[in-house]
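> Have a peek at input35.cif (mmCIF, N, CA and C atoms).
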data_final
loop_
_atom_site.group_PDB
_atom_site.id
_atom_site.type_symbol
_atom_site.label_atom_id
_atom_site.label_comp_id
_atom_site.auth_asym_id
_atom_site.auth_seq_id
_atom_site.Cartn_x
_atom_site.Cartn_y
_atom_site.Cartn_z
ATOM 1 N N MET A 5 -92.875 -39.836 -116.516
ATOM 2 C CA MET A 5 -92.428 -38.475 -116.562
ATOM 3 C C MET A 5 -93.477 -37.585 -115.891
ATOM 4 N N VAL A 6 -93.026 -36.640 -115.104
ATOM 5 C CA VAL A 6 -93.906 -35.729 -114.401
ATOM 6 C C VAL A 6 -93.960 -34.415 -115.161
ATOM 7 N N ARG A 7 -95.154 -33.934 -115.432
ATOM 8 C CA ARG A 7 -95.309 -32.647 -116.126
ATOM 9 C C ARG A 7 -95.656 -31.592 -115.084
ATOM 10 N N LEU A 8 -94.792 -30.590 -114.982
ATOM 11 C CA LEU A 8 -95.004 -29.543 -113.999
ATOM 12 C C LEU A 8 -95.834 -28.394 -114.550
ATOM 13 N N ARG A 9 -95.648 -28.073 -115.820
ATOM 14 C CA ARG A 9 -96.446 -27.046 -116.480
ATOM 15 C C ARG A 9 -96.385 -27.328 -117.974
ATOM 16 N N PRO A 10 -97.317 -26.816 -118.740
ATOM 17 C CA PRO A 10 -97.335 -27.104 -120.177
ATOM 18 C C PRO A 10 -96.029 -26.714 -120.858
ATOM 19 N N GLY A 11 -95.514 -27.608 -121.675
ATOM 20 C CA GLY A 11 -94.294 -27.330 -122.424
ATOM 21 C C GLY A 11 -93.021 -27.563 -121.631
ATOM 22 N N TYR A 12 -93.133 -27.986 -120.378
ATOM 23 C CA TYR A 12 -91.960 -28.203 -119.535
ATOM 24 C C TYR A 12 -92.043 -29.607 -118.964
ATOM 25 N N SER A 13 -91.029 -30.384 -119.164
ATOM 26 C CA SER A 13 -91.041 -31.728 -118.606
ATOM 27 C C SER A 13 -89.738 -31.969 -117.862
ATOM 28 N N GLU A 14 -89.843 -32.732 -116.810
ATOM 29 C CA GLU A 14 -88.695 -33.042 -115.988
ATOM 30 C C GLU A 14 -88.890 -34.462 -115.472
ATOM 31 N N SER A 15 -87.829 -35.239 -115.461
ATOM 32 C CA SER A 15 -87.972 -36.618 -115.011
ATOM 33 C C SER A 15 -88.060 -36.663 -113.485
ATOM 34 N N LEU A 16 -88.561 -37.754 -112.989
ATOM 35 C CA LEU A 16 -88.679 -37.944 -111.547
ATOM 36 C C LEU A 16 -87.299 -37.897 -110.897
ATOM 37 N N LEU A 17 -86.301 -38.423 -111.573
ATOM 38 C CA LEU A 17 -84.934 -38.391 -111.053
ATOM 39 C C LEU A 17 -84.450 -36.943 -110.877
ATOM 40 N N ASP A 18 -84.765 -36.063 -111.837
ATOM 41 C CA ASP A 18 -84.388 -34.650 -111.720
ATOM 42 C C ASP A 18 -85.073 -33.987 -110.534
ATOM 43 N N ILE A 19 -86.334 -34.321 -110.320
ATOM 44 C CA ILE A 19 -87.081 -33.745 -109.209
ATOM 45 C C ILE A 19 -86.501 -34.211 -107.874
ATOM 46 N N ILE A 20 -86.204 -35.497 -107.761
ATOM 47 C CA ILE A 20 -85.617 -36.030 -106.528
ATOM 48 C C ILE A 20 -84.240 -35.423 -106.284
ATOM 49 N N GLU A 21 -83.443 -35.292 -107.333
ATOM 50 C CA GLU A 21 -82.117 -34.691 -107.190
ATOM 51 C C GLU A 21 -82.216 -33.247 -106.690
ATOM 52 N N ARG A 22 -83.159 -32.495 -107.218
ATOM 53 C CA ARG A 22 -83.337 -31.111 -106.778
ATOM 54 C C ARG A 22 -83.804 -31.051 -105.328
ATOM 55 N N MET A 23 -84.720 -31.961 -104.949
ATOM 56 C CA MET A 23 -85.195 -31.981 -103.568
ATOM 57 C C MET A 23 -84.062 -32.313 -102.608
ATOM 58 N N LEU A 24 -83.216 -33.288 -102.956
ATOM 59 C CA LEU A 24 -82.098 -33.643 -102.089
ATOM 60 C C LEU A 24 -81.071 -32.528 -102.023
ATOM 61 N N ASP A 25 -80.889 -31.822 -103.141
ATOM 62 C CA ASP A 25 -79.933 -30.716 -103.179
ATOM 63 C C ASP A 25 -80.382 -29.585 -102.268
ATOM 64 N N LYS A 26 -81.662 -29.297 -102.234
ATOM 65 C CA LYS A 26 -82.198 -28.220 -101.392
ATOM 66 C C LYS A 26 -82.458 -28.696 -99.967
ATOM 67 N N GLY A 27 -82.917 -29.943 -99.832
ATOM 68 C CA GLY A 27 -83.225 -30.496 -98.523
ATOM 69 C C GLY A 27 -84.693 -30.341 -98.177
ATOM 70 N N ILE A 28 -85.210 -31.310 -97.459
ATOM 71 C CA ILE A 28 -86.602 -31.297 -97.011
ATOM 72 C C ILE A 28 -86.600 -31.575 -95.511
ATOM 73 N N VAL A 29 -87.351 -30.784 -94.759
ATOM 74 C CA VAL A 29 -87.489 -31.000 -93.318
ATOM 75 C C VAL A 29 -88.968 -31.177 -93.014
ATOM 76 N N ILE A 30 -89.291 -32.265 -92.326
ATOM 77 C CA ILE A 30 -90.665 -32.535 -91.919
ATOM 78 C C ILE A 30 -90.674 -32.580 -90.398
ATOM 79 N N ASP A 31 -91.386 -31.669 -89.782
ATOM 80 C CA ASP A 31 -91.496 -31.607 -88.333
ATOM 81 C C ASP A 31 -92.864 -32.166 -87.958
ATOM 82 N N THR A 32 -92.880 -33.199 -87.134
ATOM 83 C CA THR A 32 -94.144 -33.858 -86.820
ATOM 84 C C THR A 32 -94.436 -33.821 -85.324
ATOM 85 N N LYS A 33 -95.713 -33.793 -85.027
ATOM 86 C CA LYS A 33 -96.159 -33.897 -83.638
ATOM 87 C C LYS A 33 -97.431 -34.739 -83.668
ATOM 88 N N ILE A 34 -97.423 -35.848 -82.937
ATOM 89 C CA ILE A 34 -98.566 -36.754 -82.907
ATOM 90 C C ILE A 34 -99.005 -36.910 -81.451
ATOM 91 N N ARG A 35 -100.296 -36.794 -81.246
ATOM 92 C CA ARG A 35 -100.842 -36.969 -79.902
ATOM 93 C C ARG A 35 -102.077 -37.863 -80.008
ATOM 94 N N ILE A 36 -102.095 -38.908 -79.224
ATOM 95 C CA ILE A 36 -103.244 -39.810 -79.187
ATOM 96 C C ILE A 36 -103.923 -39.645 -77.829
ATOM 97 N N SER A 37 -105.199 -39.303 -77.878
ATOM 98 C CA SER A 37 -105.948 -39.063 -76.644
ATOM 99 C C SER A 37 -107.285 -39.782 -76.711
ATOM 100 N N ILE A 38 -107.766 -40.176 -75.556
ATOM 101 C CA ILE A 38 -109.114 -40.721 -75.418
ATOM 102 C C ILE A 38 -109.776 -39.970 -74.263
ATOM 103 N N ASP A 39 -110.855 -39.300 -74.582
ATOM 104 C CA ASP A 39 -111.615 -38.582 -73.554
ATOM 105 C C ASP A 39 -110.726 -37.619 -72.750
ATOM 106 N N ASP A 40 -109.959 -36.808 -73.446
ATOM 107 C CA ASP A 40 -109.049 -35.826 -72.833
ATOM 108 C C ASP A 40 -107.961 -36.440 -71.955
ATOM 109 N N ILE A 41 -107.696 -37.717 -72.142
ATOM 110 C CA ILE A 41 -106.574 -38.359 -71.447
ATOM 111 C C ILE A 41 -105.510 -38.625 -72.498
ATOM 112 N N HIS A 42 -104.378 -37.989 -72.327
ATOM 113 C CA HIS A 42 -103.284 -38.143 -73.291
ATOM 114 C C HIS A 42 -102.588 -39.480 -73.076
ATOM 115 N N LEU A 43 -102.664 -40.328 -74.073
ATOM 116 C CA LEU A 43 -102.044 -41.650 -73.971
ATOM 117 C C LEU A 43 -100.626 -41.659 -74.541
ATOM 118 N N VAL A 44 -100.465 -41.069 -75.718
ATOM 119 C CA VAL A 44 -99.162 -41.083 -76.391
ATOM 120 C C VAL A 44 -98.918 -39.714 -77.000
ATOM 121 N N LYS A 45 -97.708 -39.234 -76.818
ATOM 122 C CA LYS A 45 -97.313 -37.983 -77.443
ATOM 123 C C LYS A 45 -95.931 -38.203 -78.060
ATOM 124 N N VAL A 46 -95.837 -38.004 -79.362
ATOM 125 C CA VAL A 46 -94.586 -38.242 -80.086
ATOM 126 C C VAL A 46 -94.255 -37.004 -80.897
ATOM 127 N N ARG A 47 -93.014 -36.607 -80.848
ATOM 128 C CA ARG A 47 -92.559 -35.490 -81.664
ATOM 129 C C ARG A 47 -91.294 -35.919 -82.373
ATOM 130 N N GLY A 48 -91.182 -35.566 -83.650
ATOM 131 C CA GLY A 48 -90.007 -35.964 -84.414
ATOM 132 C C GLY A 48 -89.723 -35.017 -85.559
ATOM 133 N N THR A 49 -88.498 -35.051 -85.999
ATOM 134 C CA THR A 49 -88.081 -34.268 -87.149
ATOM 135 C C THR A 49 -87.418 -35.207 -88.136
ATOM 136 N N ILE A 50 -87.866 -35.153 -89.368
ATOM 137 C CA ILE A 50 -87.302 -35.971 -90.433
ATOM 138 C C ILE A 50 -86.586 -35.038 -91.397
ATOM 139 N N ILE A 51 -85.319 -35.324 -91.661
ATOM 140 C CA ILE A 51 -84.535 -34.500 -92.580
ATOM 141 C C ILE A 51 -84.118 -35.371 -93.739
ATOM 142 N N LEU A 52 -84.468 -34.940 -94.942
ATOM 143 C CA LEU A 52 -84.124 -35.667 -96.152
ATOM 144 C C LEU A 52 -83.327 -34.721 -97.042
ATOM 145 N N SER A 53 -82.030 -34.966 -97.155
ATOM 146 C CA SER A 53 -81.193 -34.095 -97.976
ATOM 147 C C SER A 53 -79.903 -34.818 -98.331
ATOM 148 N N SER A 54 -79.164 -34.233 -99.248
ATOM 149 C CA SER A 54 -77.841 -34.750 -99.565
ATOM 150 C C SER A 54 -76.891 -34.338 -98.445
ATOM 151 N N PHE A 55 -75.738 -34.989 -98.348
ATOM 152 C CA PHE A 55 -74.765 -34.629 -97.329
ATOM 153 C C PHE A 55 -74.284 -33.195 -97.513
ATOM 154 N N SER A 56 -74.101 -32.779 -98.756
ATOM 155 C CA SER A 56 -73.601 -31.421 -98.984
ATOM 156 C C SER A 56 -74.618 -30.378 -98.536
ATOM 157 N N ALA A 57 -75.900 -30.601 -98.802
ATOM 158 C CA ALA A 57 -76.929 -29.658 -98.355
ATOM 159 C C ALA A 57 -77.012 -29.647 -96.832
ATOM 160 N N ALA A 58 -76.928 -30.817 -96.217
ATOM 161 C CA ALA A 58 -76.978 -30.891 -94.754
ATOM 162 C C ALA A 58 -75.776 -30.186 -94.133
ATOM 163 N N ALA A 59 -74.594 -30.367 -94.712
ATOM 164 C CA ALA A 59 -73.396 -29.718 -94.186
ATOM 165 C C ALA A 59 -73.496 -28.201 -94.318
ATOM 166 N N LYS A 60 -74.065 -27.717 -95.427
ATOM 167 C CA LYS A 60 -74.218 -26.275 -95.619
ATOM 168 C C LYS A 60 -75.122 -25.660 -94.563
ATOM 169 N N HIS A 61 -76.122 -26.424 -94.091
ATOM 170 C CA HIS A 61 -77.075 -25.911 -93.121
ATOM 171 C C HIS A 61 -76.676 -26.235 -91.685
ATOM 172 N N GLY A 62 -75.508 -26.848 -91.505
ATOM 173 C CA GLY A 62 -74.988 -27.099 -90.163
ATOM 174 C C GLY A 62 -75.642 -28.234 -89.421
ATOM 175 N N ILE A 63 -76.176 -29.213 -90.131
ATOM 176 C CA ILE A 63 -76.818 -30.355 -89.473
ATOM 177 C C ILE A 63 -75.733 -31.314 -88.997
ATOM 178 N N ASP A 64 -75.838 -31.746 -87.744
ATOM 179 C CA ASP A 64 -74.867 -32.680 -87.180
ATOM 180 C C ASP A 64 -75.105 -34.076 -87.745
ATOM 181 N N PHE A 65 -74.002 -34.771 -88.026
ATOM 182 C CA PHE A 65 -74.076 -36.125 -88.550
ATOM 183 C C PHE A 65 -73.800 -37.116 -87.433
ATOM 184 N N PRO A 66 -74.273 -38.349 -87.586
ATOM 185 C CA PRO A 66 -74.000 -39.363 -86.564
ATOM 186 C C PRO A 66 -72.504 -39.545 -86.353
ATOM 187 N N SER A 67 -72.122 -39.949 -85.156
ATOM 188 C CA SER A 67 -70.700 -40.098 -84.826
ATOM 189 C C SER A 67 -70.034 -41.207 -85.648
ATOM 190 N N GLU A 68 -70.819 -42.101 -86.250
ATOM 191 C CA GLU A 68 -70.250 -43.197 -87.025
ATOM 192 C C GLU A 68 -69.757 -42.763 -88.405
ATOM 193 N N VAL A 69 -70.091 -41.543 -88.824
ATOM 194 C CA VAL A 69 -69.683 -41.063 -90.144
ATOM 195 C C VAL A 69 -68.175 -40.856 -90.152
ATOM 196 N N ILE A 70 -67.502 -41.404 -91.150
ATOM 197 C CA ILE A 70 -66.045 -41.283 -91.272
ATOM 198 C C ILE A 70 -65.748 -40.023 -92.077
ATOM 199 N N HIS A 71 -65.190 -39.015 -91.419
ATOM 200 C CA HIS A 71 -64.946 -37.724 -92.057
ATOM 201 C C HIS A 71 -63.617 -37.653 -92.800
ATOM 202 N N GLU A 72 -62.815 -38.711 -92.769
ATOM 203 C CA GLU A 72 -61.503 -38.685 -93.412
ATOM 204 C C GLU A 72 -61.534 -39.179 -94.860
ATOM 205 N N THR A 73 -62.689 -39.422 -95.416
ATOM 206 C CA THR A 73 -62.774 -39.926 -96.784
ATOM 207 C C THR A 73 -62.587 -38.792 -97.794
ATOM 208 N N GLN A 74 -62.279 -39.154 -99.027
ATOM 209 C CA GLN A 74 -62.087 -38.168 -100.089
ATOM 210 C C GLN A 74 -63.374 -37.369 -100.338
ATOM 211 N N ALA A 75 -64.507 -38.020 -100.234
ATOM 212 C CA ALA A 75 -65.781 -37.326 -100.459
ATOM 213 C C ALA A 75 -65.980 -36.199 -99.447
ATOM 214 N N TRP A 76 -65.637 -36.447 -98.177
ATOM 215 C CA TRP A 76 -65.770 -35.395 -97.166
ATOM 216 C C TRP A 76 -64.762 -34.278 -97.397
ATOM 217 N N ARG A 77 -63.533 -34.639 -97.778
ATOM 218 C CA ARG A 77 -62.534 -33.596 -98.071
ATOM 219 C C ARG A 77 -63.009 -32.727 -99.219
ATOM 220 N N ASP A 78 -63.590 -33.348 -100.258
ATOM 221 C CA ASP A 78 -64.131 -32.578 -101.380
ATOM 222 C C ASP A 78 -65.252 -31.663 -100.914
ATOM 223 N N LEU A 79 -66.114 -32.187 -100.062
ATOM 224 C CA LEU A 79 -67.251 -31.416 -99.576
ATOM 225 C C LEU A 79 -66.791 -30.174 -98.818
ATOM 226 N N LEU A 80 -65.722 -30.313 -98.053
ATOM 227 C CA LEU A 80 -65.245 -29.200 -97.244
ATOM 228 C C LEU A 80 -64.372 -28.220 -98.019
ATOM 229 N N THR A 81 -63.811 -28.639 -99.158
ATOM 230 C CA THR A 81 -62.905 -27.755 -99.895
ATOM 231 C C THR A 81 -63.514 -27.199 -101.172
ATOM 232 N N LYS A 82 -64.685 -27.666 -101.554
ATOM 233 C CA LYS A 82 -65.299 -27.195 -102.793
ATOM 234 C C LYS A 82 -66.469 -26.271 -102.496
ATOM 235 N N VAL A 83 -66.728 -25.369 -103.431
ATOM 236 C CA VAL A 83 -67.847 -24.425 -103.328
ATOM 237 C C VAL A 83 -68.668 -24.504 -104.604
ATOM 238 N N ASP A 84 -69.868 -23.974 -104.565
ATOM 239 C CA ASP A 84 -70.711 -23.938 -105.759
ATOM 240 C C ASP A 84 -70.325 -22.749 -106.621
ATOM 241 N N CYS A 85 -70.206 -22.976 -107.925
ATOM 242 C CA CYS A 85 -69.965 -21.891 -108.869
ATOM 243 C C CYS A 85 -71.218 -21.016 -108.901
ATOM 244 N N PRO A 86 -71.084 -19.686 -108.802
ATOM 245 C CA PRO A 86 -72.261 -18.819 -108.811
ATOM 246 C C PRO A 86 -73.054 -18.870 -110.115
ATOM 247 N N GLN A 87 -72.400 -19.274 -111.201
ATOM 248 C CA GLN A 87 -73.080 -19.275 -112.493
ATOM 249 C C GLN A 87 -73.731 -20.618 -112.817
ATOM 250 N N CYS A 88 -72.985 -21.724 -112.677
ATOM 251 C CA CYS A 88 -73.527 -23.026 -113.085
ATOM 252 C C CYS A 88 -73.913 -23.920 -111.905
ATOM 253 N N ASN A 89 -73.586 -23.515 -110.677
ATOM 254 C CA ASN A 89 -73.904 -24.257 -109.449
ATOM 255 C C ASN A 89 -73.230 -25.611 -109.338
ATOM 256 N N LYS A 90 -72.188 -25.867 -110.107
ATOM 257 C CA LYS A 90 -71.443 -27.121 -109.974
ATOM 258 C C LYS A 90 -70.367 -26.934 -108.913
ATOM 259 N N MET A 91 -70.010 -28.023 -108.234
ATOM 260 C CA MET A 91 -69.000 -27.948 -107.179
ATOM 261 C C MET A 91 -67.612 -27.831 -107.800
ATOM 262 N N VAL A 92 -66.864 -26.830 -107.334
ATOM 263 C CA VAL A 92 -65.528 -26.549 -107.855
ATOM 264 C C VAL A 92 -64.627 -26.224 -106.670
ATOM 265 N N ALA A 93 -63.365 -26.649 -106.736
ATOM 266 C CA ALA A 93 -62.408 -26.289 -105.690
ATOM 267 C C ALA A 93 -62.264 -24.772 -105.652
ATOM 268 N N ARG A 94 -62.125 -24.227 -104.454
ATOM 269 C CA ARG A 94 -62.031 -22.767 -104.295
ATOM 270 C C ARG A 94 -60.914 -22.180 -105.155
ATOM 271 N N GLU A 95 -59.761 -22.840 -105.165
ATOM 272 C CA GLU A 95 -58.620 -22.339 -105.933
ATOM 273 C C GLU A 95 -58.923 -22.320 -107.436
ATOM 274 N N GLU A 96 -59.601 -23.363 -107.910
ATOM 275 C CA GLU A 96 -59.972 -23.423 -109.326
ATOM 276 C C GLU A 96 -60.937 -22.304 -109.695
ATOM 277 N N LEU A 97 -61.887 -22.019 -108.809
ATOM 278 C CA LEU A 97 -62.886 -20.999 -109.094
ATOM 279 C C LEU A 97 -62.250 -19.614 -109.187
ATOM 280 N N GLU A 98 -61.178 -19.383 -108.440
ATOM 281 C CA GLU A 98 -60.479 -18.102 -108.523
ATOM 282 C C GLU A 98 -59.856 -17.905 -109.903
ATOM 283 N N GLU A 99 -59.450 -19.007 -110.539
ATOM 284 C CA GLU A 99 -58.862 -18.932 -111.885
ATOM 285 C C GLU A 99 -59.935 -18.966 -112.963
ATOM 286 N N GLY A 100 -61.110 -19.445 -112.633
ATOM 287 C CA GLY A 100 -62.209 -19.575 -113.584
ATOM 288 C C GLY A 100 -62.821 -20.956 -113.488
ATOM 289 N N CYS A 101 -64.135 -21.029 -113.530
ATOM 290 C CA CYS A 101 -64.830 -22.309 -113.397
ATOM 291 C C CYS A 101 -64.501 -23.210 -114.588
ATOM 292 N N PRO A 102 -64.047 -24.443 -114.335
ATOM 293 C CA PRO A 102 -63.746 -25.357 -115.436
ATOM 294 C C PRO A 102 -64.984 -25.850 -116.169
ATOM 295 N N TRP A 103 -66.158 -25.716 -115.559
ATOM 296 C CA TRP A 103 -67.402 -26.184 -116.164
ATOM 297 C C TRP A 103 -67.997 -25.161 -117.126
ATOM 298 N N CYS A 104 -68.112 -23.911 -116.660
ATOM 299 C CA CYS A 104 -68.820 -22.920 -117.453
ATOM 300 C C CYS A 104 -67.956 -21.727 -117.849
ATOM 301 N N GLY A 105 -66.731 -21.635 -117.293
ATOM 302 C CA GLY A 105 -65.847 -20.534 -117.635
ATOM 303 C C GLY A 105 -66.087 -19.278 -116.812
ATOM 304 N N TYR A 106 -66.920 -19.361 -115.774
ATOM 305 C CA TYR A 106 -67.203 -18.194 -114.939
ATOM 306 C C TYR A 106 -65.902 -17.590 -114.423
ATOM 307 N N ASP A 107 -65.774 -16.272 -114.509
ATOM 308 C CA ASP A 107 -64.583 -15.579 -114.061
ATOM 309 C C ASP A 107 -64.969 -14.661 -112.903
ATOM 310 N N MET A 108 -64.303 -14.808 -111.769
ATOM 311 C CA MET A 108 -64.619 -13.979 -110.608
ATOM 312 C C MET A 108 -64.154 -12.546 -110.777
ATOM 313 N N GLY A 109 -63.302 -12.317 -111.740
ATOM 314 C CA GLY A 109 -62.786 -10.965 -111.943
ATOM 315 C C GLY A 109 -61.643 -10.676 -110.989
ATOM 316 N N PRO A 110 -61.098 -9.462 -111.045
ATOM 317 C CA PRO A 110 -59.967 -9.113 -110.166
ATOM 318 C C PRO A 110 -60.387 -9.128 -108.701
ATOM 319 N N SER A 111 -59.534 -9.690 -107.874
ATOM 320 C CA SER A 111 -59.842 -9.774 -106.431
ATOM 321 C C SER A 111 -59.446 -8.518 -105.713
#
Show the structure stored in the file as C-alpha cells.

Amino acid sequence: MVRLRPGYSESLLDIIERMLDKGIVIDTKIRISIDDIHLVKVRGTIILSSFSAAAKHGIDFPSEVIHETQAWRDLLTKVDCPQCNKMVAREELEEGCPWCGYDMGPS
C-alpha cells in the first residue's frame, strides 16, 4: 500500500487507474555525442493512458484497431457524469444519472 499523506491511503491499483484515466505523456530526446560529433539522435513520445482518455484528447489509434466493437460504441456514446464521473449514456444523463442521481435540471 502506498501512503500519500498521513491518514490517507490508496492502493497501487487505485493510483494506476487514476494515472490511466488522466493519461501520461513522456516526451524524450536522446543524443549521443563523442567530441562534439553527433553519433545518434533519437526523439520519441510515449503515451500511457486508457482508450477513453486518449479518445478525449484526440490521439490517433493504430489502423488495426477495430472501431465496430461494443466497447468503442460505448466510448463514443457515453459521457462522464459531472457529479460522480462515471460513464453514462447521454440520454440517461438527461433523465438523471443512474449511479448517483445527478439531475441536469430543465434544459
> What gap, in Å, lies between atom C of Gly105 in chain A and atom C of Val83 in chain A?
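One can read the atom C of Gly105 in chain A to atom C of Val83 in chain A distance as 13.5 Å.
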> Just checking: using only N, CA and C atoms, which residue out of A:Asp25, A:Asp78, A:Glu68, A:Glu14 ends up closest to Ser53 in chain A?
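When distances to Ser53 in chain A are compared using only N, CA and C atoms, the smallest one comes from A:Asp25.
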> Selected by the PyMOL selection byres (((chain A and resi 58 and name CA) around 12) and name CA) in the shown coordinates: which residues, as an MDAnalysis selection string?
chainID A and resid 24:29 51:57 59:65 79
> Kindly resolve the PyMOL selection byres (((chain A and resi 93-102 and name CA) around 12) and name CA) on the present coordinates and return the residues as a list in words.
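When the PyMOL selection byres (((chain A and resi 93-102 and name CA) around 12) and name CA) is applied, the selected residues are Arg77, Asp78, Leu79, Leu80, Thr81, Lys82, Val83, Asp84, Cys85, Pro86, Gln87, Cys88, Asn89, Lys90, Met91, Val92, Trp103, Cys104, Gly105, Tyr106, Asp107, Met108, Gly109, Pro110 and Ser111 of chain A.
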> Put those residues in a file: N, CA and C atoms, as a CSV table (one decimal), in the coordinates of the input.

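Result written to selection_15.csv:
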chain,number,residue,atom,x,y,z
A,77,ARG,N,-63.5,-34.6,-97.8
A,77,ARG,CA,-62.5,-33.6,-98.1
A,77,ARG,C,-63.0,-32.7,-99.2
A,78,ASP,N,-63.6,-33.3,-100.3
A,78,ASP,CA,-64.1,-32.6,-101.4
A,78,ASP,C,-65.3,-31.7,-100.9
A,79,LEU,N,-66.1,-32.2,-100.1
A,79,LEU,CA,-67.3,-31.4,-99.6
A,79,LEU,C,-66.8,-30.2,-98.8
A,80,LEU,N,-65.7,-30.3,-98.1
A,80,LEU,CA,-65.2,-29.2,-97.2
A,80,LEU,C,-64.4,-28.2,-98.0
A,81,THR,N,-63.8,-28.6,-99.2
A,81,THR,CA,-62.9,-27.8,-99.9
A,81,THR,C,-63.5,-27.2,-101.2
A,82,LYS,N,-64.7,-27.7,-101.6
A,82,LYS,CA,-65.3,-27.2,-102.8
A,82,LYS,C,-66.5,-26.3,-102.5
A,83,VAL,N,-66.7,-25.4,-103.4
A,83,VAL,CA,-67.8,-24.4,-103.3
A,83,VAL,C,-68.7,-24.5,-104.6
A,84,ASP,N,-69.9,-24.0,-104.6
A,84,ASP,CA,-70.7,-23.9,-105.8
A,84,ASP,C,-70.3,-22.7,-106.6
A,85,CYS,N,-70.2,-23.0,-107.9
A,85,CYS,CA,-70.0,-21.9,-108.9
A,85,CYS,C,-71.2,-21.0,-108.9
A,86,PRO,N,-71.1,-19.7,-108.8
A,86,PRO,CA,-72.3,-18.8,-108.8
A,86,PRO,C,-73.1,-18.9,-110.1
A,87,GLN,N,-72.4,-19.3,-111.2
A,87,GLN,CA,-73.1,-19.3,-112.5
A,87,GLN,C,-73.7,-20.6,-112.8
A,88,CYS,N,-73.0,-21.7,-112.7
A,88,CYS,CA,-73.5,-23.0,-113.1
A,88,CYS,C,-73.9,-23.9,-111.9
A,89,ASN,N,-73.6,-23.5,-110.7
A,89,ASN,CA,-73.9,-24.3,-109.4
A,89,ASN,C,-73.2,-25.6,-109.3
A,90,LYS,N,-72.2,-25.9,-110.1
A,90,LYS,CA,-71.4,-27.1,-110.0
A,90,LYS,C,-70.4,-26.9,-108.9
A,91,MET,N,-70.0,-28.0,-108.2
A,91,MET,CA,-69.0,-27.9,-107.2
A,91,MET,C,-67.6,-27.8,-107.8
A,92,VAL,N,-66.9,-26.8,-107.3
A,92,VAL,CA,-65.5,-26.5,-107.9
A,92,VAL,C,-64.6,-26.2,-106.7
A,103,TRP,N,-66.2,-25.7,-115.6
A,103,TRP,CA,-67.4,-26.2,-116.2
A,103,TRP,C,-68.0,-25.2,-117.1
A,104,CYS,N,-68.1,-23.9,-116.7
A,104,CYS,CA,-68.8,-22.9,-117.5
A,104,CYS,C,-68.0,-21.7,-117.8
A,105,GLY,N,-66.7,-21.6,-117.3
A,105,GLY,CA,-65.8,-20.5,-117.6
A,105,GLY,C,-66.1,-19.3,-116.8
A,106,TYR,N,-66.9,-19.4,-115.8
A,106,TYR,CA,-67.2,-18.2,-114.9
A,106,TYR,C,-65.9,-17.6,-114.4
A,107,ASP,N,-65.8,-16.3,-114.5
A,107,ASP,CA,-64.6,-15.6,-114.1
A,107,ASP,C,-65.0,-14.7,-112.9
A,108,MET,N,-64.3,-14.8,-111.8
A,108,MET,CA,-64.6,-14.0,-110.6
A,108,MET,C,-64.2,-12.5,-110.8
A,109,GLY,N,-63.3,-12.3,-111.7
A,109,GLY,CA,-62.8,-11.0,-111.9
A,109,GLY,C,-61.6,-10.7,-111.0
A,110,PRO,N,-61.1,-9.5,-111.0
A,110,PRO,CA,-60.0,-9.1,-110.2
A,110,PRO,C,-60.4,-9.1,-108.7
A,111,SER,N,-59.5,-9.7,-107.9
A,111,SER,CA,-59.8,-9.8,-106.4
A,111,SER,C,-59.4,-8.5,-105.7
> Please give the complete set of residues from chain A that DSSP, run on the backbone, assigns to alpha helix (DSSP H), formatted as JSON, numbers by chain.
{"A": [16, 17, 18, 19, 20, 21, 22, 23, 24, 25, 26, 55, 56, 57, 58, 59, 60, 74, 75, 76, 77, 78, 79, 80, 81, 94, 95, 96, 97, 98, 99]}
> Apply the PyMOL selection byres ((chain A and resi 48) around 7) to the file shown and report the selected residues as a PyMOL selection string.
chain A and resi 30-34+46-47+49-50
> If you run DSSP over the backbone, which residues in chain A end up strand (DSSP E or B)? Put them as a PyMOL selection string.
chain A and resi 6-9+12-14+28-38+41-52+82-84+91-93
